[in-house]
>>> print(open('start32.cif').read())   # mmCIF, C-alpha atoms
data_final
loop_
_atom_site.label_atom_id
_atom_site.label_comp_id
_atom_site.auth_asym_id
_atom_site.auth_seq_id
_atom_site.Cartn_x
_atom_site.Cartn_y
_atom_site.Cartn_z
CA MET H 250 29.03 -24.34 10.32
CA LYS H 251 26.51 -21.65 9.32
CA LYS H 252 28.11 -18.22 8.97
CA ILE H 253 26.05 -15.05 9.29
CA ASN H 254 26.40 -11.28 9.54
CA LEU H 255 24.47 -9.31 12.15
CA ALA H 256 22.87 -5.89 11.67
CA LEU H 257 21.93 -4.40 15.05
CA GLN H 258 19.55 -1.44 15.22
CA GLY H 259 19.68 1.41 17.70
CA GLY H 260 16.70 2.30 19.87
CA GLY H 261 17.91 3.39 23.29
CA ALA H 262 17.13 1.10 26.21
CA HIS H 263 15.09 -1.12 23.89
CA GLY H 264 18.49 -2.47 22.83
CA ALA H 265 18.05 -4.91 25.72
CA PHE H 266 15.88 -6.89 23.29
CA THR H 267 18.98 -7.32 21.12
CA TRP H 268 20.90 -8.42 24.22
CA GLY H 269 18.46 -11.32 24.58
CA VAL H 270 18.66 -12.18 20.87
CA LEU H 271 22.46 -12.28 20.95
CA CYS H 272 22.60 -14.43 24.07
CA ARG H 273 20.32 -16.99 22.40
CA LEU H 274 22.24 -16.96 19.10
CA LEU H 275 25.54 -17.42 20.92
CA GLN H 276 24.25 -20.70 22.36
CA GLU H 277 24.14 -22.17 18.85
CA GLU H 278 27.56 -23.79 18.44
CA ASP H 279 27.06 -24.28 14.69
CA ILE H 280 26.37 -20.59 13.98
CA GLU H 281 29.39 -18.34 13.51
CA ILE H 282 29.10 -14.55 13.48
CA ALA H 283 31.37 -13.25 10.74
CA ALA H 284 30.65 -9.50 10.95
CA ILE H 285 28.47 -7.03 12.83
CA SER H 286 27.18 -3.61 11.82
CA GLY H 287 25.74 -1.69 14.77
CA THR H 288 24.28 1.70 15.55
CA SER H 289 23.69 3.36 18.95
CA ALA H 290 22.47 0.60 21.30
CA GLY H 291 23.38 -1.80 18.52
CA ALA H 292 26.94 -0.44 18.60
CA LEU H 293 27.13 -1.00 22.35
CA ASN H 294 25.88 -4.57 21.98
CA ALA H 295 28.26 -5.20 19.08
CA ALA H 296 31.32 -3.88 20.91
CA ALA H 297 30.48 -5.86 24.06
CA LEU H 298 30.00 -9.06 22.06
CA LYS H 299 33.21 -8.60 20.07
CA SER H 300 35.33 -7.79 23.12
CA GLY H 301 34.00 -10.76 25.08
CA TRP H 302 34.32 -13.08 22.09
CA VAL H 303 38.00 -12.23 21.59
CA ALA H 304 38.71 -12.81 25.28
CA LYS H 305 36.75 -16.02 25.95
CA GLY H 306 34.75 -17.03 22.91
CA ARG H 307 30.97 -17.50 23.16
CA GLU H 308 30.98 -17.65 26.93
CA GLY H 309 32.98 -14.43 27.11
CA ALA H 310 30.59 -12.68 24.71
CA ILE H 311 27.56 -13.63 26.83
CA GLU H 312 29.32 -12.56 30.02
CA ASN H 313 30.30 -9.20 28.54
CA LEU H 314 26.76 -8.52 27.34
CA GLU H 315 25.48 -9.33 30.85
CA TRP H 316 28.04 -6.89 32.26
CA LEU H 317 27.02 -4.15 29.80
CA TRP H 318 23.32 -4.30 30.60
CA GLY H 319 24.02 -4.72 34.29
CA GLN H 320 25.88 -1.42 34.07
CA ILE H 321 23.00 0.19 32.18
CA GLY H 322 20.50 -0.89 34.79
CA ALA H 323 19.18 -4.38 34.18
CA ILE H 324 18.55 -6.97 36.87
CA THR H 325 20.73 -9.89 35.85
CA ASP H 326 20.52 -12.03 38.99
CA PRO H 327 18.89 -15.28 37.72
CA MET H 328 17.08 -15.74 41.04
CA PHE H 329 15.62 -12.24 41.13
CA ALA H 330 14.87 -11.23 37.53
CA PRO H 331 12.04 -13.76 36.89
CA TRP H 332 10.37 -12.83 40.19
CA ILE H 333 10.33 -9.12 39.57
CA GLY H 334 9.18 -9.66 35.98
CA ALA H 335 6.20 -11.70 37.17
CA ALA H 336 5.26 -9.57 40.17
CA LEU H 337 5.10 -6.15 38.50
CA PRO H 338 2.55 -4.81 35.97
CA THR H 339 2.57 -5.63 32.27
CA ALA H 340 5.04 -3.85 30.00
CA GLU H 341 2.21 -1.75 28.54
CA ILE H 342 0.98 -0.54 31.95
CA TRP H 343 4.53 0.14 33.16
CA ALA H 344 5.32 2.06 29.97
CA LYS H 345 2.22 4.25 30.36
CA ALA H 346 3.03 4.89 34.02
CA MET H 347 6.51 6.09 33.03
CA LYS H 348 5.21 8.17 30.14
CA TYR H 349 2.71 10.10 32.28
CA SER H 350 4.82 10.40 35.42
CA PRO H 351 5.48 14.01 36.54
CA ALA H 352 9.24 13.41 36.49
CA TYR H 353 9.31 12.17 32.89
CA THR H 354 6.86 14.86 31.74
CA ALA H 355 9.15 17.55 33.19
CA PHE H 356 12.19 15.92 31.57
CA ASP H 357 10.43 15.71 28.21
CA MET H 358 9.34 19.35 28.29
CA THR H 359 12.83 20.51 29.25
CA THR H 360 14.53 18.65 26.38
CA ARG H 361 12.00 20.06 23.91
CA MET H 362 12.51 23.65 25.04
CA LEU H 363 16.24 23.84 25.76
CA SER H 364 19.32 22.96 23.72
CA PRO H 365 21.80 20.55 25.36
CA TYR H 366 24.38 23.30 24.89
CA VAL H 367 22.59 25.32 27.58
CA TYR H 368 23.70 22.89 30.26
CA GLY H 369 27.35 22.64 29.27
CA PRO H 370 29.26 19.67 30.73
CA ALA H 371 26.49 19.03 33.29
CA MET H 372 24.51 17.11 30.66
CA GLN H 373 27.09 14.40 30.02
CA ASN H 374 25.86 11.19 28.41
CA PRO H 375 25.69 8.63 31.25
CA LEU H 376 26.94 5.96 28.85
CA ALA H 377 30.39 7.62 28.78
CA ASN H 378 31.65 5.86 31.91
CA ILE H 379 30.47 2.49 30.61
CA VAL H 380 31.92 2.91 27.11
CA ALA H 381 35.27 3.96 28.58
CA LYS H 382 35.53 0.54 30.28
CA PHE H 383 35.42 -1.47 27.05
CA HIS H 384 38.68 -3.26 26.21
CA TYR H 385 39.52 -1.58 22.90
CA ASP H 386 42.42 -3.90 22.11
CA SER H 387 39.74 -6.59 21.84
CA VAL H 388 37.08 -4.36 20.24
CA CYS H 389 39.53 -3.43 17.46
CA ALA H 390 41.18 -6.85 17.16
CA THR H 391 41.39 -8.67 13.84
CA ASP H 392 40.15 -11.82 15.61
CA GLY H 393 36.45 -12.44 15.99
CA PRO H 394 33.68 -10.79 13.95
CA ASP H 395 34.45 -7.75 11.81
CA LEU H 396 32.95 -4.72 13.54
CA HIS H 397 31.35 -1.66 11.91
CA ILE H 398 29.98 1.28 13.94
CA CYS H 399 27.68 3.86 12.32
CA ALA H 400 27.48 7.58 13.13
CA THR H 401 26.13 10.67 11.36
CA ASN H 402 28.42 13.53 10.35
CA VAL H 403 26.55 16.63 11.53
CA ARG H 404 27.95 19.07 8.98
CA SER H 405 27.76 16.89 5.86
CA GLY H 406 24.70 14.90 6.89
CA LYS H 407 26.40 11.75 5.60
CA ILE H 408 26.85 8.39 7.23
CA ARG H 409 30.27 7.54 8.61
CA VAL H 410 31.06 3.89 9.26
CA PHE H 411 34.03 3.26 11.56
CA THR H 412 35.82 -0.06 11.58
CA GLY H 413 38.96 -1.72 12.92
CA ASP H 414 41.45 0.56 14.65
CA GLU H 415 39.17 3.56 14.00
CA ILE H 416 36.83 2.42 16.79
CA MET H 417 37.42 4.23 20.07
CA PRO H 418 35.20 5.46 22.93
CA GLU H 419 34.31 8.66 21.06
CA VAL H 420 33.06 6.64 18.07
CA ILE H 421 30.64 4.57 20.15
CA MET H 422 29.48 7.68 22.02
CA ALA H 423 28.92 9.44 18.69
CA SER H 424 26.86 6.52 17.43
CA ALA H 425 24.57 6.90 20.48
CA CYS H 426 24.40 10.71 20.58
CA LEU H 427 20.80 11.97 20.39
CA PRO H 428 21.07 15.70 19.53
CA SER H 429 18.02 16.66 21.59
CA LEU H 430 19.72 15.30 24.72
CA PHE H 431 23.47 15.63 24.26
CA GLN H 432 26.01 17.85 22.55
CA ALA H 433 27.54 16.50 19.35
CA VAL H 434 30.59 14.29 19.89
CA GLU H 435 33.63 15.95 18.31
CA PHE H 436 36.93 14.25 17.56
CA GLU H 437 39.53 13.95 14.83
CA ASP H 438 38.29 11.62 12.11
CA PRO H 439 41.15 9.19 11.29
CA THR H 440 40.25 9.33 7.60
CA THR H 441 40.13 13.10 7.07
CA GLY H 442 42.46 14.22 9.86
CA LYS H 443 39.92 16.93 10.66
CA VAL H 444 37.90 17.44 13.82
CA GLU H 445 34.36 16.41 12.91
CA ALA H 446 31.08 16.52 14.85
CA PHE H 447 28.84 13.45 14.99
CA TRP H 448 25.30 12.57 16.04
CA ASP H 449 23.46 9.28 16.41
CA GLY H 450 24.03 6.93 13.49
CA GLY H 451 20.33 6.07 13.34
CA TYR H 452 19.63 9.09 11.15
CA THR H 453 21.72 7.77 8.26
CA GLY H 454 22.23 4.06 8.90
CA ASN H 455 20.29 2.07 11.47
CA PRO H 456 22.37 0.11 10.92
CA ALA H 457 24.27 0.35 7.63
CA LEU H 458 24.02 -2.89 5.67
CA TYR H 459 26.45 -2.11 2.87
CA PRO H 460 29.63 -2.88 4.88
CA LEU H 461 28.30 -6.45 5.03
CA PHE H 462 28.09 -6.80 1.23
CA VAL H 463 31.81 -7.50 0.68
CA SER H 464 32.59 -10.73 -1.15
CA ASP H 465 34.53 -12.47 1.63
CA LEU H 466 31.59 -12.26 4.07
CA PRO H 467 28.67 -14.71 4.08
CA ASP H 468 25.51 -13.93 2.10
CA ASP H 469 23.23 -14.02 5.16
CA ILE H 470 22.41 -10.80 7.03
CA LEU H 471 20.33 -11.18 10.18
CA ILE H 472 18.74 -7.87 11.20
CA VAL H 473 17.67 -7.36 14.80
CA ASN H 474 14.91 -4.77 14.47
CA ILE H 475 13.84 -2.83 17.57
CA ASN H 476 12.02 0.09 15.94
CA PRO H 477 8.58 -1.25 14.98
CA LEU H 478 7.87 -1.06 11.28
CA HIS H 479 4.12 -0.92 11.90
CA ARG H 480 1.97 0.71 14.59
CA GLU H 481 -1.77 0.15 14.35
CA GLU H 482 -2.72 2.84 16.85
CA LEU H 483 -2.63 6.40 15.52
CA PRO H 484 -0.42 8.62 17.73
CA VAL H 485 -2.37 11.68 18.92
CA ASP H 486 -0.46 13.13 21.88
CA SER H 487 2.82 14.98 21.46
CA GLN H 488 5.00 12.26 23.01
CA SER H 489 3.46 9.51 20.88
CA ILE H 490 3.80 11.59 17.72
CA GLU H 491 7.46 12.31 18.46
CA ASN H 492 8.09 8.66 19.20
CA ARG H 493 6.52 7.52 15.93
CA VAL H 494 8.42 10.15 13.94
CA ASN H 495 11.60 8.83 15.58
CA GLU H 496 10.73 5.23 14.70
CA ILE H 497 9.95 6.08 11.09
CA SER H 498 13.11 8.16 10.62
CA PHE H 499 15.26 5.49 12.29
CA ASN H 500 13.83 2.82 9.96
CA THR H 501 14.10 4.87 6.76
CA SER H 502 17.75 4.15 5.95
CA LEU H 503 17.28 0.43 6.68
CA LEU H 504 14.23 0.21 4.42
CA ARG H 505 16.10 2.06 1.68
CA GLU H 506 18.92 -0.50 1.74
CA LEU H 507 16.46 -3.40 1.87
CA ARG H 508 14.65 -1.99 -1.17
CA ALA H 509 17.99 -1.87 -3.00
CA ILE H 510 18.68 -5.50 -2.06
CA ASP H 511 15.24 -6.47 -3.37
CA PHE H 512 15.96 -4.66 -6.65
CA VAL H 513 19.27 -6.50 -7.12
CA LYS H 514 17.68 -9.86 -6.27
CA ARG H 515 15.00 -9.30 -8.93
CA LEU H 516 17.66 -8.40 -11.52
CA LEU H 517 19.56 -11.56 -10.66
CA ALA H 518 16.42 -13.67 -10.80
CA ASP H 519 15.34 -12.51 -14.27
CA GLY H 520 18.86 -12.63 -15.70
CA SER H 521 19.22 -8.88 -16.20
CA ILE H 522 22.59 -9.11 -14.48
CA LYS H 523 24.89 -12.13 -14.34
CA ARG H 524 25.11 -14.09 -11.13
CA GLY H 525 28.32 -13.26 -9.34
CA THR H 526 28.30 -9.70 -10.64
CA MET H 527 26.50 -8.50 -7.51
CA LYS H 528 25.95 -10.24 -4.20
CA ASN H 529 22.70 -12.15 -3.70
CA VAL H 530 22.11 -11.08 -0.11
CA LEU H 531 19.95 -13.39 2.03
CA VAL H 532 17.91 -11.31 4.46
CA HIS H 533 16.58 -12.45 7.83
CA MET H 534 14.98 -10.46 10.64
CA ILE H 535 14.24 -10.91 14.33
CA ALA H 536 11.73 -8.50 15.85
CA ASP H 537 8.81 -8.25 18.27
CA ASP H 538 6.61 -5.44 17.00
CA ALA H 539 3.81 -6.41 19.40
CA LEU H 540 6.00 -5.76 22.43
CA MET H 541 7.52 -2.60 20.95
CA ASN H 542 3.99 -1.28 20.30
CA ASP H 543 3.33 -1.58 24.03
CA LEU H 544 6.43 0.49 24.85
CA ASN H 545 7.13 4.15 24.16
CA VAL H 546 9.70 6.94 24.14
CA ALA H 547 9.89 6.90 27.96
CA THR H 548 10.96 3.23 28.13
CA LYS H 549 13.40 3.91 25.30
CA THR H 550 14.98 6.91 27.04
CA ILE H 551 15.04 5.82 30.68
CA PRO H 552 16.30 2.28 31.36
CA THR H 553 14.41 0.50 34.14
CA ALA H 554 15.22 -2.96 35.44
CA VAL H 555 11.67 -4.21 34.85
CA ILE H 556 11.51 -3.28 31.16
CA LEU H 557 15.10 -4.31 30.43
CA SER H 558 14.54 -7.72 31.99
CA ARG H 559 11.39 -8.25 29.94
CA LEU H 560 13.05 -7.02 26.76
CA LYS H 561 15.88 -9.50 27.23
CA SER H 562 13.43 -12.36 27.76
CA ALA H 563 11.46 -11.27 24.70
CA GLY H 564 14.65 -11.17 22.64
CA GLU H 565 15.61 -14.68 23.70
CA ALA H 566 12.12 -15.94 22.83
CA ALA H 567 12.09 -14.20 19.44
CA ALA H 568 15.51 -15.62 18.58
CA ASP H 569 14.39 -19.09 19.65
CA THR H 570 11.33 -18.83 17.40
CA PHE H 571 13.51 -17.67 14.50
CA LEU H 572 15.94 -20.55 14.95
CA LYS H 573 13.15 -23.14 15.07
CA SER H 574 11.51 -21.72 11.94
CA HIS H 575 14.40 -20.49 9.84
CA LYS H 576 17.76 -21.88 10.96
CA LYS H 577 17.49 -24.30 8.05
CA ASP H 578 17.21 -21.32 5.67
CA LEU H 579 20.60 -19.89 6.62
CA GLY H 580 22.97 -20.11 3.68
CA LYS H 581 20.14 -21.14 1.34
CA ARG H 582 17.38 -18.53 1.09
CA SER H 583 16.02 -15.32 2.61
CA SER H 584 13.41 -15.74 5.33
CA VAL H 585 12.13 -12.19 4.75
CA ASN H 586 9.92 -11.68 1.70
CA LEU H 587 11.18 -8.29 0.52
CA THR H 588 8.78 -8.15 -2.42
CA GLU H 589 5.86 -8.54 -0.03
CA MET H 590 7.38 -5.98 2.37
CA PHE H 591 7.45 -3.29 -0.32
CA SER H 592 4.22 -4.17 -2.10
#
>>> encode(input="start32.cif", output="structure tokens")
Amino acid sequence: MKKINLALQGGGAHGAFTWGVLCRLLQEEDIEIAAISGTSAGALNAAALKSGWVAKGREGAIENLEWLWGQIGAITDPMFAPWIGAALPTAEIWAKAMKYSPAYTAFDMTTRMLSPYVYGPAMQNPLANIVAKFHYDSVCATDGPDLHICATNVRSGKIRVFTGDEIMPEVIMASACLPSLFQAVEFEDPTTGKVEAFWDGGYTGNPALYPLFVSDLPDDILIVNINPLHREELPVDSQSIENRVNEISFNTSLLRELRAIDFVKRLLADGSIKRGTMKNVLVHMIADDALMNDLNVATKTIPTAVILSRLKSAGEAAADTFLKSHKKDLGKRSSVNLTEMFS
């Protein structure tokens, strides 16, 4: 049995890519998920997987992920999804059509000009009704993978990682709270006993890797990356610039932790620190930067059945490619060359 930890990024509706990755990984009977760290869409995917896993194992996890994205807006009917994916325009054309549509342009301008506090309760996060339906006895259970949900404390600017019984609907909503769209999520932090305000965890940990460094967890961390690390095309319009700024900022904390892992691995390799003193983390990554370069802030913000269906298929394909190329590396070596990444 190969045991791994999962690190699931946030990125709005693009989290459907992670849905596809998880469904493919769950088909591998000899891979066990020991722990998951998730932020925003990654937190939603993580909670759905954990809850389903506790109820009905792998099959339950896949079913619960299907339910989650069906609620968000995906077409999950196996007879219909392939047809609509083939009949409609490419992801790039669809993304551009959404980006330049009058409705999205008006929405984008409004969110830039007005604070979400102007609208009051009218601007409720539509995810609230979905998150409330999660079975929290299962989400917080000691069975199944350990679960860590990341959010950002607004006042301190620090990351807050919730785990175990700390996880409740407000925590997942906080992890997915974009401050340009929604009011901060406020609730009593179980650790401090004070009412704290939280924003999206992507600003400080997208996702946090350090909860996965504990000694009783496996060495392997598989990151599902949905914010492209590289974009060849220079953004020149306001929406594209904002989108790239968002991608860079949401990758910053992850890159910082990966750089720290690389530093420790080099110290272990040259004998500067004794083996066993610090964990020799094995890093793996599943991504599809080519697809994500074709998408934009509109497809990230507004879930459409077409894009979600294609993202899921792309996630399944990317996971399949990873398994064919690197499943043998699990438990033995990193499949990501961190030295090359930071050179």
>>> residues_around(input="start32.cif", residues="Ser574 (chain H)", least_positions_apart="6", cutoff="12 Å", atoms="only C-alpha atoms", output="list of chain:residue names")
H:His533, H:Met534, H:Ile535, H:Ala567, H:Ala568, H:Ser584, H:Val585
>>> residues_near_point(input="start32.cif", point="(10.9, -9.1, 26.4)", cutoff="9 Å", atoms="only C-alpha atoms", output="VMD selection string")
chain H and resid 265 to 266 269 340 537 540 556 to 567
>>> residues_near_point(input="start32.cif", point="(28.6, 7.2, 15.1)", cutoff="12 Å", atoms="all atoms listed in the file", output="VMD selection string")
chain H and resid 259 286 to 293 397 to 403 406 to 412 415 to 427 433 to 436 438 445 to 457
>>> atom_distance(input="start32.cif", atom1="CA of Ala547 (chain H)", atom2="CA of Asn476 (chain H)")
14.0 Å
>>> closest_residue(input="start32.cif", among="H:Leu376, H:Leu504, H:Leu430, H:Val444", to="Asn474 (chain H)", atoms="all atoms listed in the file")
H:Leu504
>>> residues_around(input="start32.cif", residues="region 274-276 of chain H", least_positions_apart="2", cutoff="12 Å", atoms="only C-alpha atoms", output="JSON, numbers by chain")
{"H": [251, 252, 253, 254, 255, 267, 268, 269, 270, 271, 272, 278, 279, 280, 281, 282, 298, 299, 301, 302, 306, 307, 308, 309, 310, 311, 312, 314, 471, 473, 535, 564, 565, 566, 567, 568, 569, 570, 571, 572, 573, 576]}
>>> resolve_selection(input="start32.cif", expression="the PyMOL selection byres ((chain H and resi 583) around 12)", output="PDB file with C-alpha atoms, in the frame of the given file")
ATOM      1  CA  ASP H 468      25.510 -13.930   2.100  1.00  0.00           C
ATOM      2  CA  ASP H 469      23.230 -14.020   5.160  1.00  0.00           C
ATOM      3  CA  ILE H 470      22.410 -10.800   7.030  1.00  0.00           C
ATOM      4  CA  LEU H 471      20.330 -11.180  10.180  1.00  0.00           C
ATOM      5  CA  ILE H 472      18.740  -7.870  11.200  1.00  0.00           C
ATOM      6  CA  LEU H 507      16.460  -3.400   1.870  1.00  0.00           C
ATOM      7  CA  ILE H 510      18.680  -5.500  -2.060  1.00  0.00           C
ATOM      8  CA  ASP H 511      15.240  -6.470  -3.370  1.00  0.00           C
ATOM      9  CA  LYS H 514      17.680  -9.860  -6.270  1.00  0.00           C
ATOM     10  CA  ASN H 529      22.700 -12.150  -3.700  1.00  0.00           C
ATOM     11  CA  VAL H 530      22.110 -11.080  -0.110  1.00  0.00           C
ATOM     12  CA  LEU H 531      19.950 -13.390   2.030  1.00  0.00           C
ATOM     13  CA  VAL H 532      17.910 -11.310   4.460  1.00  0.00           C
ATOM     14  CA  HIS H 533      16.580 -12.450   7.830  1.00  0.00           C
ATOM     15  CA  MET H 534      14.980 -10.460  10.640  1.00  0.00           C
ATOM     16  CA  HIS H 575      14.400 -20.490   9.840  1.00  0.00           C
ATOM     17  CA  LYS H 576      17.760 -21.880  10.960  1.00  0.00           C
ATOM     18  CA  LYS H 577      17.490 -24.300   8.050  1.00  0.00           C
ATOM     19  CA  ASP H 578      17.210 -21.320   5.670  1.00  0.00           C
ATOM     20  CA  LEU H 579      20.600 -19.890   6.620  1.00  0.00           C
ATOM     21  CA  GLY H 580      22.970 -20.110   3.680  1.00  0.00           C
ATOM     22  CA  LYS H 581      20.140 -21.140   1.340  1.00  0.00           C
ATOM     23  CA  ARG H 582      17.380 -18.530   1.090  1.00  0.00           C
ATOM     24  CA  SER H 584      13.410 -15.740   5.330  1.00  0.00           C
ATOM     25  CA  VAL H 585      12.130 -12.190   4.750  1.00  0.00           C
ATOM     26  CA  ASN H 586       9.920 -11.680   1.700  1.00  0.00           C
ATOM     27  CA  LEU H 587      11.180  -8.290   0.520  1.00  0.00           C
ATOM     28  CA  THR H 588       8.780  -8.150  -2.420  1.00  0.00           C
TER      29      THR H 588
END
>>> residues_around(input="start32.cif", residues="Arg480 (chain H)", least_positions_apart="5", cutoff="10 Å", atoms="only C-alpha atoms", output="count of residues only")
7
>>> atom_distance(input="start32.cif", atom1="CA of Tyr459 (chain H)", atom2="CA of Asp395 (chain H)")
13.3 Å
>>> closest_residue(input="start32.cif", among="H:Pro460, H:Gly413, H:Pro365, H:Pro477", to="Ala256 (chain H)", atoms="all atoms listed in the file")
H:Pro460
>>> residues_around(input="start32.cif", residues="region 385-387 of chain H", least_positions_apart="2", cutoff="7 Å", atoms="only C-alpha atoms", output="VMD selection string")
chain H and resid 300 303 383 389 to 390 417
>>> decode(input="start32.cif", residues="region 506-518 of chain H", atoms="N, CA, C and O atoms", output="short mmCIF file (atom, residue, chain, number, x, y, z; two decimals), in the first residue's frame")
data_model
loop_
_atom_site.label_atom_id
_atom_site.label_comp_id
_atom_site.auth_asym_id
_atom_site.auth_seq_id
_atom_site.Cartn_x
_atom_site.Cartn_y
_atom_site.Cartn_z
N GLU H 506 6.88 27.58 0.76
CA GLU H 506 7.03 26.32 1.50
C GLU H 506 7.84 25.31 0.68
O GLU H 506 8.64 24.55 1.23
N LEU H 507 7.65 25.30 -0.63
CA LEU H 507 8.43 24.39 -1.47
C LEU H 507 9.91 24.76 -1.46
O LEU H 507 10.78 23.89 -1.47
N ARG H 508 10.19 26.07 -1.42
CA ARG H 508 11.59 26.50 -1.34
C ARG H 508 12.21 26.04 -0.01
O ARG H 508 13.38 25.63 0.03
N ALA H 509 11.44 26.09 1.06
CA ALA H 509 11.93 25.62 2.35
C ALA H 509 12.20 24.11 2.32
O ALA H 509 13.20 23.64 2.88
N ILE H 510 11.31 23.37 1.67
CA ILE H 510 11.52 21.92 1.54
C ILE H 510 12.79 21.64 0.76
O ILE H 510 13.60 20.78 1.14
N ASP H 511 13.01 22.39 -0.32
CA ASP H 511 14.22 22.22 -1.12
C ASP H 511 15.47 22.49 -0.29
O ASP H 511 16.47 21.77 -0.39
N PHE H 512 15.42 23.53 0.54
CA PHE H 512 16.55 23.89 1.39
C PHE H 512 16.88 22.75 2.36
O PHE H 512 18.04 22.35 2.51
N VAL H 513 15.84 22.19 2.99
CA VAL H 513 16.05 21.09 3.94
C VAL H 513 16.60 19.86 3.22
O VAL H 513 17.50 19.18 3.73
N LYS H 514 16.07 19.57 2.04
CA LYS H 514 16.54 18.40 1.29
C LYS H 514 18.02 18.54 0.93
O LYS H 514 18.78 17.56 0.96
N ARG H 515 18.45 19.76 0.59
CA ARG H 515 19.87 19.97 0.27
C ARG H 515 20.74 19.82 1.52
O ARG H 515 21.85 19.27 1.44
N LEU H 516 20.26 20.28 2.66
CA LEU H 516 21.00 20.11 3.91
C LEU H 516 21.13 18.63 4.28
O LEU H 516 22.18 18.19 4.77
N LEU H 517 20.06 17.87 4.05
CA LEU H 517 20.10 16.44 4.32
C LEU H 517 21.06 15.73 3.36
O LEU H 517 21.82 14.84 3.76
N ALA H 518 21.03 16.16 2.11
CA ALA H 518 21.85 15.50 1.09
C ALA H 518 23.34 15.71 1.33
O ALA H 518 24.15 14.79 1.13
#
